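Visitor: Following this message is one structure expressed as structure tokens.
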Amino acid sequence: MNRLTGDNRRFLFLQGPHGPFFRQLARMLERTGAAVWRVGFNRGDQVFWAGKNYLPYTGTQDAWPAAFDTILTEKAITDIVLYGDTRFIHAVAIKRARERGVTVHVFEEGYLRPWWVTYERGGSNGNSRLMSLSIPQMQKALETCEVDLIDAPAHWGDMRHHVVYGFAYHALVMLANRPYRGFRPHRKLSVRQEFGLYLRRLLAMPFHALERRIATWRIRTGGFPYHLALLQLEHDSSFQMHSPFGTMTAFLEVCIEGFAKGAPRHHHLVFKAHPLEDGRTQIKRDLLRLADEHGIRERVHFVRGGKLAGLLNHARSAVTVNSTAAQQALWRGMPLKVFGDAVYDKAEFVSTQPLAEFFNAPTRPDNRAYRDYRRFLLETSQLPGGFYSAAGRRQLMRQVVDLVLTPDDPYDALMSGKAAPRQQLRLVR
């Protein structure tokens, strides 16, 4: 009998999602017999870890590769754990870890969010193994899976927790980061600017909610056919590293031009902002300017954040760079056009039409192929739960430690017939 155990496993945690998830994961790994350390790069990392075996890194980015190598050697690390794979410190760590045969565990927001989180080995998003797996390969792997997985309840992906943890994290970095003089954020804005944006967003939430309700009401009662553009955060790694656009404005321009050229004149175009959009990019201003230039301002709408389902339910099609929200469109059988590298960009269900042609007469996806793809994800890299709310973390911890300790990559485990059965969930109404 091969029992799951952490004996002889030595984990090094790098940066994680804001909040206590990494700390809780580490404590459970320790109960399996594993040894655990955490490298912290700022005061926020330190406070959210709040435990032993904390290794503060106070050096510069240039010195990080050598320092990481030293830690791997001195602690005899067998596994590294991190959230997101493109920020400098993580990209360096992944490269060095692979060279030394160290297993890389990558967490990300769920590809099927908001009800799941992503767990993969080696890389995520544009670096995920899903990019090279075909639908026929997935269908073959599913031949031995006889039980359909039920959708998880949507009560643990609370956006308020995410915002509050982000606010606290940046406040700690801004106000108490003196020992970490070498720290540089992985985004362009300074920590003070990030903190200011979080504060402004918290204060503006009631006003944004009112604006959103009015905009949504106008769309729902307008009686016109519409297409939906799913926007992302311009500073998000998926947008910056896995798309052809350098700015969100460039994507807006492509959408507006394609819609003006191809869409029937009675159709409208709705731009749905990311729920965490904080105003660092002037999306609404640029959008209205571009709509004026193409003479379609009365047919263009902007919705600031909020839930997506209500807008998707009545849309004709969806277009995006590579937002994970696009999977909600595919789940509804909607035509979809993408521009960047995305794990769901498969010829079976994503349109290859030029944009103007797509807005005029979009091709429909192969719904059966997409449902097989979705089921493959639920059997492998998608875990029910969330990083931020207590209920979400409790649900996530029920499965994630077993997957981390399992020798096989989640995709290899399913394709080789070694995957353990997934927990069945009852839909909470």
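In the structure tokens, the first chain shown is A, the next is B, and so on; residue numbers restart at 1 for each chain, and ligands run from 1 in the order shown.
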Within 8 Å of Gln327 (chain A), counting only C-alpha atoms, which residues qualify if same-chain residues fewer than 3 places away don't, as a list in words?

Guide: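 Returned residues: Tyr111, Leu112, Thr324, Leu330, Trp331 and Tyr344 of chain A.
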
Visitor: Kindly provide the residues of region 31-124 of chain A that approach region 241-244 of chain A to within 12 Å, each paired with its closest atom pair and their distance in Å to one decimal, based on only C-alpha atoms, listed by chain and increasing number, as a tab-separated table.

Guide:
residue	atom	partner	partner_atom	distance
A:Gly84	CA	A:Met241	CA	11.7
A:Asp85	CA	A:Met241	CA	10.5
A:Thr86	CA	A:Met241	CA	7.6
A:Arg87	CA	A:Met241	CA	9.9
A:Phe88	CA	A:Met241	CA	11.9
A:Ala91	CA	A:Met241	CA	11.9
A:Ser124	CA	A:His242	CA	10.9

Visitor: Report, in Å with one decimal, the straight-line distance from CA of Phe271 (chain A) to CA of Thr352 (chain A).

Guide: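 It comes out at 21.0 Å.
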
Visitor: Could you check which of A:Leu377, A:Val39, A:Ile89, A:Met131 is closest to Thr60 (chain A), using only C-alpha atoms?

Guide: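 Looking only at the distances to Thr60 (chain A), the closest residue turns out to be A:Ile89.
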
Visitor: In Å, how far is it from CA of Gly40 (chain A) to CA of Tyr57 (chain A)?

Guide: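 Interatomic distance, CA of Gly40 (chain A) to CA of Tyr57 (chain A): 5.9 Å.
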
Visitor: Env of Arg27 (chain A): 12 Å cut, atoms = only C-alpha atoms, seq-sep filter 3 positions within chain, self excluded. Answer as a ChimeraX atom specification.

Guide: /A:6,11,13,20-24,30-38,49-53,397,401

Visitor: Taking only C-alpha atoms into account, which of A:Gly59, A:Glu120, A:Arg3, A:Leu12 comes nearest Glu74 (chain A)?

Guide: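 Of the candidates, the smallest distance to Glu74 (chain A) is held by A:Leu12.
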
Visitor: DSSP on the backbone, strand (DSSP E or B) only: what residues of region 45-124 of chain A does that give? Format it as a list in words.

Guide: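 Taking region 45-124 of chain A and keeping strand (DSSP E or B) gives Tyr54, Leu55, Pro56, Asp79, Ile80, Val81, Leu82, Tyr83, Thr103, Val104, His105, Val106, Phe107, Glu108, Glu109, Trp116, Val117, Thr118, Tyr119, Glu120 and Arg121 of chain A.
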
Visitor: Which one is closest to Tyr226 (chain A): A:Arg113, A:Arg212, A:Arg398, A:His266? Count only C-alpha atoms.

Guide: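 Smallest separation from Tyr226 (chain A) among the options: A:His266.
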